[in-house]
>>> print(open('my_file22.json').read())   # JSON, C-alpha atoms
[["chain", "number", "residue", "atom", "x", "y", "z"],
["R", 442, "MET", "CA", -36.97, 192.16, 133.06],
["R", 443, "SER", "CA", -40.73, 191.69, 133.77],
["R", 444, "ASP", "CA", -41.27, 194.89, 131.77],
["R", 445, "GLY", "CA", -39.38, 193.31, 128.88],
["R", 446, "SER", "CA", -36.43, 195.65, 129.28],
["R", 447, "GLY", "CA", -33.54, 193.16, 129.49],
["R", 448, "LEU", "CA", -30.56, 193.64, 131.80],
["R", 449, "GLU", "CA", -27.44, 195.68, 131.03],
["R", 450, "LYS", "CA", -25.39, 194.01, 128.27],
["R", 451, "LEU", "CA", -26.32, 190.55, 129.49],
["R", 452, "TYR", "CA", -29.93, 190.09, 128.40],
["R", 453, "PRO", "CA", -31.39, 191.91, 125.40],
["R", 454, "SER", "CA", -34.69, 193.79, 125.50],
["R", 455, "LEU", "CA", -37.85, 192.07, 124.25],
["R", 456, "VAL", "CA", -39.52, 195.42, 123.72],
["R", 457, "SER", "CA", -37.08, 196.59, 121.05],
["R", 458, "GLN", "CA", -38.12, 196.52, 117.40],
["R", 459, "ASP", "CA", -35.02, 194.39, 116.87],
["R", 460, "PHE", "CA", -36.86, 191.52, 118.54],
["R", 461, "GLU", "CA", -38.80, 191.14, 115.29],
["R", 462, "THR", "CA", -35.59, 190.25, 113.41],
["R", 463, "TYR", "CA", -35.16, 187.23, 115.66],
["R", 464, "ALA", "CA", -38.84, 186.32, 116.01],
["R", 465, "PRO", "CA", -38.75, 183.61, 113.28],
["R", 466, "ALA", "CA", -35.96, 181.83, 115.19],
["R", 467, "PHE", "CA", -37.73, 182.24, 118.54],
["R", 468, "ALA", "CA", -38.84, 178.63, 119.10],
["R", 469, "CYS", "CA", -35.38, 177.22, 118.33],
["R", 470, "ILE", "CA", -33.63, 179.78, 120.53],
["R", 471, "ILE", "CA", -35.90, 179.08, 123.50],
["R", 472, "ARG", "CA", -35.63, 175.31, 123.17],
["R", 473, "TYR", "CA", -31.94, 174.95, 122.30],
["R", 474, "GLY", "CA", -30.42, 178.19, 123.54],
["R", 475, "LEU", "CA", -28.13, 180.42, 121.49],
["R", 476, "ASP", "CA", -24.37, 180.70, 121.43],
["R", 477, "ASP", "CA", -24.20, 183.53, 118.94],
["R", 478, "THR", "CA", -24.48, 187.30, 118.76],
["R", 479, "VAL", "CA", -27.78, 189.16, 118.60],
["R", 480, "MET", "CA", -27.81, 192.88, 117.83],
["R", 481, "VAL", "CA", -30.45, 194.73, 119.83],
["R", 482, "ASP", "CA", -30.66, 198.52, 120.03],
["R", 483, "GLY", "CA", -27.10, 198.81, 118.74],
["R", 484, "THR", "CA", -25.57, 196.52, 121.34],
["R", 485, "ALA", "CA", -24.08, 193.12, 120.53],
["R", 486, "PHE", "CA", -25.40, 190.56, 123.01],
["R", 487, "ASN", "CA", -23.26, 187.45, 122.94],
["R", 488, "PHE", "CA", -23.42, 185.88, 126.36],
["R", 489, "PRO", "CA", -24.71, 182.34, 125.72],
["R", 490, "MET", "CA", -28.46, 181.91, 126.22],
["R", 491, "PRO", "CA", -29.30, 178.70, 128.05],
["R", 492, "ALA", "CA", -31.41, 175.97, 126.45],
["R", 493, "ASN", "CA", -34.79, 175.09, 127.90],
["R", 494, "PRO", "CA", -35.19, 171.46, 126.82],
["R", 495, "ALA", "CA", -38.12, 170.87, 129.17],
["R", 496, "LEU", "CA", -40.38, 173.45, 127.50],
["R", 497, "ASN", "CA", -42.82, 171.91, 125.03],
["R", 498, "ALA", "CA", -44.40, 173.50, 121.95],
["R", 499, "VAL", "CA", -47.49, 174.64, 123.87],
["R", 500, "GLU", "CA", -45.37, 176.41, 126.47],
["R", 501, "ILE", "CA", -43.11, 178.00, 123.85],
["R", 502, "SER", "CA", -46.21, 179.18, 121.95],
["R", 503, "ASN", "CA", -47.54, 180.75, 125.13],
["R", 504, "ILE", "CA", -44.28, 182.61, 125.77],
["R", 505, "TYR", "CA", -44.12, 183.85, 122.18],
["R", 506, "ASN", "CA", -47.74, 184.96, 122.13],
["R", 507, "TYR", "CA", -47.37, 186.76, 125.44],
["R", 508, "ILE", "CA", -44.45, 188.76, 124.04],
["R", 509, "ILE", "CA", -46.34, 189.48, 120.83],
["R", 510, "TYR", "CA", -49.53, 190.63, 122.58],
["R", 511, "ARG", "CA", -47.63, 192.75, 125.02],
["R", 512, "TRP", "CA", -44.96, 194.43, 122.90],
["R", 513, "HIS", "CA", -45.29, 193.51, 119.23],
["R", 514, "PRO", "CA", -48.96, 193.67, 118.27],
["R", 515, "SER", "CA", -48.02, 194.01, 114.60],
["R", 516, "LEU", "CA", -46.73, 190.42, 114.57],
["R", 517, "ALA", "CA", -49.13, 187.49, 114.23],
["R", 518, "PRO", "CA", -49.54, 185.12, 117.16],
["R", 519, "VAL", "CA", -48.53, 181.50, 116.58],
["R", 520, "GLN", "CA", -50.38, 178.24, 116.94],
["R", 521, "THR", "CA", -48.82, 175.23, 118.60],
["R", 522, "GLY", "CA", -48.59, 173.35, 115.28],
["R", 523, "GLN", "CA", -46.43, 176.11, 113.80],
["R", 524, "VAL", "CA", -44.08, 175.94, 116.76],
["R", 525, "GLU", "CA", -43.90, 172.15, 116.46],
["R", 526, "ASN", "CA", -42.93, 172.50, 112.81],
["R", 527, "ALA", "CA", -40.37, 175.17, 113.59],
["R", 528, "LEU", "CA", -38.83, 172.99, 116.31],
["R", 529, "GLN", "CA", -38.35, 170.15, 113.84],
["R", 530, "LYS", "CA", -36.32, 172.44, 111.60],
["R", 531, "CYS", "CA", -33.94, 173.78, 114.23],
["R", 532, "THR", "CA", -30.31, 173.33, 113.24],
["R", 533, "LYS", "CA", -29.27, 172.40, 116.78],
["R", 534, "GLN", "CA", -31.28, 169.47, 118.11],
["K", 623, "MET", "CA", -41.53, 207.88, 152.21],
["K", 624, "VAL", "CA", -42.61, 204.77, 150.38],
["K", 625, "LEU", "CA", -39.17, 203.22, 150.85],
["K", 626, "ILE", "CA", -39.14, 204.01, 154.55],
["K", 627, "SER", "CA", -42.56, 202.55, 155.27],
["K", 628, "VAL", "CA", -41.73, 199.38, 153.34],
["K", 629, "GLY", "CA", -38.53, 199.10, 155.38],
["K", 630, "LEU", "CA", -40.42, 199.41, 158.63],
["K", 631, "ILE", "CA", -42.85, 196.69, 157.66],
["K", 632, "ALA", "CA", -40.05, 194.42, 156.51],
["K", 633, "CYS", "CA", -37.68, 194.79, 159.43],
["K", 634, "GLY", "CA", -39.74, 196.14, 162.32],
["K", 635, "ASN", "CA", -38.47, 198.88, 164.56],
["K", 636, "SER", "CA", -35.30, 200.19, 162.93],
["K", 637, "ASP", "CA", -34.01, 201.51, 166.30],
["K", 638, "LYS", "CA", -33.48, 197.92, 167.37],
["K", 639, "PRO", "CA", -30.13, 196.44, 166.31],
["K", 640, "LEU", "CA", -30.28, 193.85, 163.56],
["K", 641, "PRO", "CA", -30.55, 190.35, 165.00],
["K", 642, "TYR", "CA", -27.81, 187.73, 164.86],
["K", 643, "LEU", "CA", -29.17, 184.91, 162.73],
["K", 644, "GLY", "CA", -28.38, 181.25, 163.14],
["K", 645, "ASP", "CA", -27.49, 179.33, 166.25],
["K", 646, "SER", "CA", -26.10, 181.28, 169.20],
["K", 647, "GLU", "CA", -24.71, 179.73, 172.34],
["K", 648, "GLU", "CA", -23.58, 181.07, 175.67],
["K", 649, "VAL", "CA", -19.96, 180.32, 176.52],
["K", 650, "ASN", "CA", -18.61, 181.55, 179.89],
["K", 651, "GLY", "CA", -21.40, 184.08, 180.14],
["K", 652, "GLU", "CA", -20.77, 185.45, 176.62],
["K", 653, "MET", "CA", -23.06, 184.95, 173.63],
["K", 654, "ILE", "CA", -21.27, 183.34, 170.70],
["K", 655, "HIS", "CA", -23.16, 183.88, 167.46],
["K", 656, "TYR", "CA", -23.02, 181.86, 164.29],
["K", 657, "GLN", "CA", -20.23, 182.93, 161.91],
["K", 658, "VAL", "CA", -19.61, 182.06, 158.28],
["K", 659, "PRO", "CA", -16.52, 179.80, 158.40],
["K", 660, "GLU", "CA", -13.23, 181.11, 156.95],
["K", 661, "PHE", "CA", -13.05, 180.99, 153.18],
["K", 662, "SER", "CA", -10.76, 181.84, 150.29],
["K", 663, "TYR", "CA", -11.76, 181.90, 146.63],
["K", 664, "LEU", "CA", -10.43, 183.33, 143.37],
["K", 665, "ASP", "CA", -12.72, 185.93, 141.83],
["K", 666, "GLN", "CA", -13.32, 186.92, 138.19],
["K", 667, "ASP", "CA", -10.00, 188.84, 138.13],
["K", 668, "SER", "CA", -8.15, 185.86, 139.66],
["K", 669, "ASN", "CA", -7.76, 187.91, 142.81],
["K", 670, "THR", "CA", -8.18, 186.25, 146.17],
["K", 671, "VAL", "CA", -11.37, 187.06, 148.00],
["K", 672, "SER", "CA", -11.47, 185.77, 151.54],
["K", 673, "ASN", "CA", -12.71, 186.73, 154.96],
["K", 674, "THR", "CA", -9.32, 188.49, 155.33],
["K", 675, "THR", "CA", -9.63, 190.55, 152.13],
["K", 676, "LEU", "CA", -13.19, 191.50, 153.15],
["K", 677, "ALA", "CA", -12.14, 192.43, 156.69],
["K", 678, "GLY", "CA", -13.83, 195.59, 157.90],
["K", 679, "GLN", "CA", -16.48, 195.37, 155.20],
["K", 680, "ILE", "CA", -19.99, 194.06, 155.21],
["K", 681, "TYR", "CA", -21.09, 192.00, 152.23],
["K", 682, "VAL", "CA", -24.13, 190.68, 150.44],
["K", 683, "ALA", "CA", -23.85, 187.02, 149.40],
["K", 684, "ASP", "CA", -25.94, 185.04, 146.93],
["K", 685, "LEU", "CA", -25.84, 181.79, 144.98],
["K", 686, "PHE", "CA", -26.22, 181.87, 141.21],
["K", 687, "PHE", "CA", -24.87, 180.52, 137.93],
["K", 688, "THR", "CA", -24.29, 182.38, 134.69],
["K", 689, "SER", "CA", -26.47, 180.19, 132.47],
["K", 690, "CYS", "CA", -29.36, 180.13, 134.93],
["K", 691, "PRO", "CA", -32.59, 180.62, 133.01],
["K", 692, "SER", "CA", -34.93, 180.88, 136.00],
["K", 693, "ILE", "CA", -34.59, 183.18, 139.04],
["K", 694, "CYS", "CA", -31.01, 184.48, 138.64],
["K", 695, "PRO", "CA", -31.73, 187.35, 136.23],
["K", 696, "LYS", "CA", -34.32, 188.73, 138.66],
["K", 697, "VAL", "CA", -32.00, 188.34, 141.63],
["K", 698, "LYS", "CA", -29.17, 190.04, 139.72],
["K", 699, "GLN", "CA", -31.46, 192.91, 138.75],
["K", 700, "ASN", "CA", -32.30, 193.43, 142.42],
["K", 701, "MET", "CA", -28.63, 193.19, 143.40],
["K", 702, "LEU", "CA", -27.80, 195.86, 140.82],
["K", 703, "ARG", "CA", -30.41, 198.01, 142.54],
["K", 704, "ILE", "CA", -28.67, 197.49, 145.90],
["K", 705, "ASN", "CA", -25.32, 198.23, 144.25],
["K", 706, "LYS", "CA", -26.68, 201.50, 142.92],
["K", 707, "ALA", "CA", -28.32, 202.47, 146.22],
["K", 708, "PHE", "CA", -24.89, 202.28, 147.91],
["K", 709, "GLU", "CA", -22.80, 203.42, 144.94],
["K", 710, "GLU", "CA", -20.24, 205.43, 146.93],
["K", 711, "GLU", "CA", -20.15, 203.11, 149.92],
["K", 712, "LYS", "CA", -16.67, 201.60, 150.27],
["K", 713, "ARG", "CA", -17.65, 199.41, 153.23],
["K", 714, "LEU", "CA", -20.05, 197.28, 151.19],
["K", 715, "ALA", "CA", -19.01, 194.32, 149.01],
["K", 716, "PHE", "CA", -20.82, 191.58, 147.10],
["K", 717, "LEU", "CA", -19.97, 187.90, 146.92],
["K", 718, "SER", "CA", -21.80, 185.90, 144.26],
["K", 719, "LEU", "CA", -21.11, 182.19, 144.56],
["K", 720, "SER", "CA", -21.59, 180.21, 141.36],
["K", 721, "ILE", "CA", -22.79, 176.65, 141.83],
["K", 722, "ASP", "CA", -22.01, 175.69, 138.21],
["K", 723, "TYR", "CA", -18.76, 173.85, 138.89],
["K", 724, "ARG", "CA", -18.51, 172.76, 135.23],
["K", 725, "ARG", "CA", -19.02, 175.91, 133.20],
["K", 726, "ASP", "CA", -18.47, 178.96, 135.38],
["K", 727, "SER", "CA", -14.70, 179.17, 135.12],
["K", 728, "ILE", "CA", -12.90, 182.44, 135.85],
["K", 729, "PRO", "CA", -13.00, 183.63, 132.19],
["K", 730, "VAL", "CA", -16.77, 182.96, 132.03],
["K", 731, "LEU", "CA", -17.30, 184.83, 135.30],
["K", 732, "LYS", "CA", -15.17, 187.68, 133.96],
["K", 733, "ARG", "CA", -17.28, 188.01, 130.83],
["K", 734, "TYR", "CA", -20.49, 187.84, 132.85],
["K", 735, "SER", "CA", -19.18, 190.52, 135.19],
["K", 736, "GLN", "CA", -18.28, 192.78, 132.26],
["K", 737, "LYS", "CA", -21.69, 192.30, 130.63],
["K", 738, "LEU", "CA", -23.38, 193.10, 133.92],
["K", 739, "GLY", "CA", -21.22, 196.22, 134.16],
["K", 740, "ILE", "CA", -20.12, 195.68, 137.75],
["K", 741, "ASP", "CA", -16.95, 196.81, 139.54],
["K", 742, "SER", "CA", -14.86, 193.73, 140.25],
["K", 743, "GLN", "CA", -13.09, 195.48, 143.13],
["K", 744, "ARG", "CA", -16.38, 195.53, 144.96],
["K", 745, "TRP", "CA", -18.44, 192.69, 143.50],
["K", 746, "HIS", "CA", -16.71, 189.32, 143.47],
["K", 747, "LEU", "CA", -17.92, 186.36, 141.42],
["K", 748, "VAL", "CA", -16.47, 183.00, 142.40],
["K", 749, "GLN", "CA", -16.94, 179.39, 141.36],
["K", 750, "LEU", "CA", -17.63, 176.72, 143.95],
["K", 751, "GLN", "CA", -16.30, 173.19, 143.53],
["K", 752, "LYS", "CA", -18.77, 170.36, 143.20],
["K", 753, "GLU", "CA", -18.07, 168.90, 146.62],
["K", 754, "GLU", "CA", -18.48, 172.20, 148.48],
["K", 755, "ILE", "CA", -21.77, 173.42, 146.98],
["K", 756, "SER", "CA", -24.25, 172.05, 149.50],
["K", 757, "GLN", "CA", -21.98, 172.88, 152.43],
["K", 758, "VAL", "CA", -21.33, 176.47, 151.35],
["K", 759, "ALA", "CA", -24.99, 177.00, 150.45],
["K", 760, "ASN", "CA", -25.83, 175.87, 153.95],
["K", 761, "GLN", "CA", -23.26, 178.23, 155.47],
["K", 762, "TYR", "CA", -25.12, 181.09, 153.80],
["K", 763, "PHE", "CA", -28.56, 179.75, 154.78],
["K", 764, "ASN", "CA", -29.29, 178.79, 151.20],
["K", 765, "VAL", "CA", -30.12, 175.52, 149.52],
["K", 766, "ALA", "CA", -28.47, 174.37, 146.29],
["K", 767, "PHE", "CA", -28.20, 171.05, 144.55],
["K", 768, "GLU", "CA", -27.71, 169.60, 141.14],
["K", 769, "ASP", "CA", -30.94, 168.46, 139.51],
["K", 770, "GLU", "CA", -30.98, 167.39, 135.89],
["K", 771, "ASN", "CA", -34.71, 168.16, 135.72],
["K", 772, "ALA", "CA", -34.34, 171.74, 136.92],
["K", 773, "PRO", "CA", -33.98, 174.52, 134.33],
["K", 774, "GLY", "CA", -30.24, 174.91, 133.75],
["K", 775, "GLY", "CA", -29.42, 171.79, 135.76],
["K", 776, "PHE", "CA", -29.40, 173.23, 139.29],
["K", 777, "ASP", "CA", -32.02, 174.02, 141.90],
["K", 778, "HIS", "CA", -31.21, 176.79, 144.34],
["K", 779, "SER", "CA", -32.85, 179.44, 146.46],
["K", 780, "GLY", "CA", -32.63, 183.14, 145.58],
["K", 781, "ARG", "CA", -31.95, 184.38, 149.07],
["K", 782, "LEU", "CA", -29.65, 187.35, 149.66],
["K", 783, "ILE", "CA", -27.64, 187.23, 152.86],
["K", 784, "LEU", "CA", -26.10, 190.17, 154.71],
["K", 785, "VAL", "CA", -22.85, 189.39, 156.53],
["K", 786, "ASP", "CA", -21.25, 191.79, 159.03],
["K", 787, "PRO", "CA", -17.47, 192.45, 159.37],
["K", 788, "LYS", "CA", -17.14, 189.60, 161.86],
["K", 789, "GLY", "CA", -18.83, 187.06, 159.62],
["K", 790, "HIS", "CA", -22.17, 187.08, 161.45],
["K", 791, "ILE", "CA", -25.31, 186.85, 159.35],
["K", 792, "ARG", "CA", -27.51, 189.83, 160.20],
["K", 793, "ALA", "CA", -30.28, 189.95, 157.59],
["K", 794, "HIS", "CA", -31.69, 188.12, 154.61],
["K", 795, "CYS", "CA", -34.33, 188.63, 151.95],
["K", 796, "ASP", "CA", -35.91, 187.02, 148.92],
["K", 797, "GLY", "CA", -33.72, 188.29, 146.08],
["K", 798, "THR", "CA", -36.51, 187.77, 143.54],
["K", 799, "ASP", "CA", -38.97, 190.01, 145.38],
["K", 800, "PRO", "CA", -38.49, 193.80, 144.98],
["K", 801, "GLU", "CA", -40.38, 194.59, 148.21],
["K", 802, "SER", "CA", -38.34, 192.16, 150.24],
["K", 803, "VAL", "CA", -35.21, 193.76, 148.74],
["K", 804, "ASP", "CA", -36.47, 197.25, 149.75],
["K", 805, "GLY", "CA", -36.47, 196.08, 153.38],
["K", 806, "PHE", "CA", -33.05, 194.54, 152.90],
["K", 807, "ILE", "CA", -31.67, 197.88, 151.65],
["K", 808, "GLN", "CA", -32.86, 199.43, 154.94],
["K", 809, "ASP", "CA", -31.12, 196.61, 156.81],
["K", 810, "ILE", "CA", -27.84, 197.31, 154.98],
["K", 811, "ASP", "CA", -28.16, 200.98, 155.83],
["K", 812, "GLN", "CA", -28.71, 200.12, 159.46],
["K", 813, "LEU", "CA", -25.75, 197.74, 159.58],
["K", 814, "LEU", "CA", -23.51, 200.40, 158.03],
["K", 815, "HIS", "CA", -24.52, 202.76, 160.85],
["K", 816, "GLU", "CA", -23.83, 200.05, 163.38],
["K", 817, "VAL", "CA", -20.31, 199.30, 162.10],
["K", 818, "GLY", "CA", -19.58, 203.05, 161.91]]
>>> encode(input="my_file22.json", output="structure tokens")
Amino acid sequence: MSDGSGLEKLYPSLVSQDFETYAPAFACIIRYGLDDTVMVDGTAFNFPMPANPALNAVEISNIYNYIIYRWHPSLAPVQTGQVENALQKCTKQ
Amino acid sequence: MVLISVGLIACGNSDKPLPYLGDSEEVNGEMIHYQVPEFSYLDQDSNTVSNTTLAGQIYVADLFFTSCPSICPKVKQNMLRINKAFEEEKRLAFLSLSIDYRRDSIPVLKRYSQKLGIDSQRWHLVQLQKEEISQVANQYFNVAFEDENAPGGFDHSGRLILVDPKGHIRAHCDGTDPESVDGFIQDIDQLLHEVG
């Protein structure tokens, strides 16, 4: 939740190292949602994640960078341009 | 101690009975308090949940939908906290009313319930029909409406409502706010003492 911990088997943790596996797909997942399984801390999370079509690249960058600064300092923060590029390559648009 | 003092701030003098919320009127010298109208839904196990099946119990009601990206996760986290605080309490139930009349079918509610790890004998998830959403929301002192610009397609309030065994609304809180929920937990405790 606000401490990044997720909720039961419904929402995966953002704190987990496993977040880094999914970090490259972050922008697409936030914008278009995900109807697939993510493995986090040994649990399969497969309840569909809702899309957030109203969030723009700046907002998605801010969310990503917040998570990175707070829990994954080893990852590089992103710039808006990178998120814009990533969004253009999402498979689900 | 922290819990108790928060409760006192949130609900005043706990020796006083919980108020009856909503419109009351005097009929032949007797006060008639607002009651949630009779209802009957199918829950995530396809079992009927109605004012009859909940007779003798008090319950916490909320509005939500399973694909809600905004306030629902926070509200559900706080409801899980309430659930845990009264783990052994057989007289307490939960009624979560989904306003997503398109997607939140019984199988979806069942999966959600399993992922949340809740006991379906005690915590009922039900789907409202499109035409009853605003009316039912209103019955539980909430507001809900479809809004294509809102995250997830619906706007709704995150209020938790406490209903007594006769269908009277006795307390409410902001389900997104942990402190407000602390006071609400005290209110539930008080109502359980009242119903005996």
>>> closest_residue(input="my_file22.json", among="K:Gln699, K:Ala715, K:Phe708, K:Val803", to="Gln743 in chain K", atoms="only C-alpha atoms")
K:Ala715
>>> residues_around(input="my_file22.json", residues="Ala498 in chain R", least_positions_apart="6", cutoff="6 Å", atoms="only C-alpha atoms", output="VMD selection string")
chain R and resid 521 524 to 525
>>> interface_residues(input="my_file22.json", of="chain R", to="chain K", cutoff="8 Å", atoms="all atoms listed in the file", output="PDB file with C-alpha atoms, in the frame of the given file")
ATOM      1  CA  MET R 442     -36.970 192.160 133.060  1.00  0.00           C
ATOM      2  CA  LEU R 448     -30.560 193.640 131.800  1.00  0.00           C
ATOM      3  CA  GLU R 449     -27.440 195.680 131.030  1.00  0.00           C
ATOM      4  CA  LYS R 450     -25.390 194.010 128.270  1.00  0.00           C
ATOM      5  CA  LEU R 451     -26.320 190.550 129.490  1.00  0.00           C
ATOM      6  CA  PHE R 488     -23.420 185.880 126.360  1.00  0.00           C
ATOM      7  CA  PRO R 489     -24.710 182.340 125.720  1.00  0.00           C
ATOM      8  CA  MET R 490     -28.460 181.910 126.220  1.00  0.00           C
ATOM      9  CA  PRO R 491     -29.300 178.700 128.050  1.00  0.00           C
ATOM     10  CA  ALA R 492     -31.410 175.970 126.450  1.00  0.00           C
ATOM     11  CA  ASN R 493     -34.790 175.090 127.900  1.00  0.00           C
ATOM     12  CA  ALA R 495     -38.120 170.870 129.170  1.00  0.00           C
TER      13      ALA R 495
END
>>> atom_distance(input="my_file22.json", atom1="CA of Asn673 in chain K", atom2="CA of Asp786 in chain K")
10.7 Å
>>> residues_around(input="my_file22.json", residues="Leu717 in chain K", least_positions_apart="4", cutoff="9 Å", atoms="only C-alpha atoms", output="ChimeraX atom specification")
/K:671,681-685,744-748
>>> atom_distance(input="my_file22.json", atom1="CA of Glu816 in chain K", atom2="CA of Asn650 in chain K")
25.3 Å
>>> atom_distance(input="my_file22.json", atom1="CA of Arg781 in chain K", atom2="CA of Thr798 in chain K")
7.9 Å
>>> residues_near_point(input="my_file22.json", point="(-30.9, 176.3, 120.0)", cutoff="10 Å", atoms="all atoms listed in the file", output="PyMOL selection string")
chain R and resi 466-477+490-494+528+531-534
>>> write_last_selection(input="my_file22.json", atoms="C-alpha atoms", output="mmCIF file, in the frame of the given file")
data_model
loop_
_atom_site.group_PDB
_atom_site.id
_atom_site.type_symbol
_atom_site.label_atom_id
_atom_site.label_comp_id
_atom_site.auth_asym_id
_atom_site.auth_seq_id
_atom_site.Cartn_x
_atom_site.Cartn_y
_atom_site.Cartn_z
ATOM 1 C CA ALA R 466 -35.960 181.830 115.190
ATOM 2 C CA PHE R 467 -37.730 182.240 118.540
ATOM 3 C CA ALA R 468 -38.840 178.630 119.100
ATOM 4 C CA CYS R 469 -35.380 177.220 118.330
ATOM 5 C CA ILE R 470 -33.630 179.780 120.530
ATOM 6 C CA ILE R 471 -35.900 179.080 123.500
ATOM 7 C CA ARG R 472 -35.630 175.310 123.170
ATOM 8 C CA TYR R 473 -31.940 174.950 122.300
ATOM 9 C CA GLY R 474 -30.420 178.190 123.540
ATOM 10 C CA LEU R 475 -28.130 180.420 121.490
ATOM 11 C CA ASP R 476 -24.370 180.700 121.430
ATOM 12 C CA ASP R 477 -24.200 183.530 118.940
ATOM 13 C CA MET R 490 -28.460 181.910 126.220
ATOM 14 C CA PRO R 491 -29.300 178.700 128.050
ATOM 15 C CA ALA R 492 -31.410 175.970 126.450
ATOM 16 C CA ASN R 493 -34.790 175.090 127.900
ATOM 17 C CA PRO R 494 -35.190 171.460 126.820
ATOM 18 C CA LEU R 528 -38.830 172.990 116.310
ATOM 19 C CA CYS R 531 -33.940 173.780 114.230
ATOM 20 C CA THR R 532 -30.310 173.330 113.240
ATOM 21 C CA LYS R 533 -29.270 172.400 116.780
ATOM 22 C CA GLN R 534 -31.280 169.470 118.110
#
>>> residues_around(input="my_file22.json", residues="range 750-752 of chain K", least_positions_apart="3", cutoff="9 Å", atoms="only C-alpha atoms", output="ChimeraX atom specification")
/K:663,719-724,726,755-756,758
>>> residues_around(input="my_file22.json", residues="Gln679 in chain K", least_positions_apart="3", cutoff="9 Å", atoms="all atoms listed in the file", output="PyMOL selection string")
chain K and resi 675-676+712-715+785-788+817
>>> build_atoms(input="my_file22.json", residues="range 708-720 of chain K", atoms="N, CA and C atoms", output="compact mmCIF listing (two decimals), in the coordinates of the input")
# COMPACT_ATOMS: atom_id res chain seq x y z
N PHE K 708 -26.06 202.04 147.05
CA PHE K 708 -24.89 202.28 147.91
C PHE K 708 -23.64 202.53 147.05
N GLU K 709 -23.84 203.23 145.94
CA GLU K 709 -22.80 203.42 144.94
C GLU K 709 -21.45 203.87 145.52
N GLU K 710 -21.48 204.84 146.43
CA GLU K 710 -20.24 205.43 146.93
C GLU K 710 -19.74 204.74 148.20
N GLU K 711 -20.43 203.72 148.62
CA GLU K 711 -20.15 203.11 149.92
C GLU K 711 -19.01 202.09 149.82
N LYS K 712 -17.86 202.47 150.38
CA LYS K 712 -16.67 201.60 150.27
C LYS K 712 -16.73 200.40 151.22
N ARG K 713 -17.62 200.48 152.23
CA ARG K 713 -17.65 199.41 153.23
C ARG K 713 -18.56 198.26 152.83
N LEU K 714 -19.14 198.34 151.63
CA LEU K 714 -20.05 197.28 151.19
C LEU K 714 -19.44 196.51 150.01
N ALA K 715 -19.49 195.17 150.10
CA ALA K 715 -19.01 194.32 149.01
C ALA K 715 -20.10 193.31 148.66
N PHE K 716 -19.90 192.62 147.54
CA PHE K 716 -20.82 191.58 147.10
C PHE K 716 -20.04 190.31 146.82
N LEU K 717 -20.60 189.19 147.19
CA LEU K 717 -19.97 187.90 146.92
C LEU K 717 -21.01 186.98 146.28
N SER K 718 -20.88 186.78 144.98
CA SER K 718 -21.80 185.90 144.26
C SER K 718 -21.12 184.57 144.03
N LEU K 719 -21.71 183.53 144.59
CA LEU K 719 -21.11 182.19 144.56
C LEU K 719 -21.77 181.36 143.47
N SER K 720 -21.01 181.03 142.43
CA SER K 720 -21.59 180.21 141.36
C SER K 720 -21.56 178.74 141.74
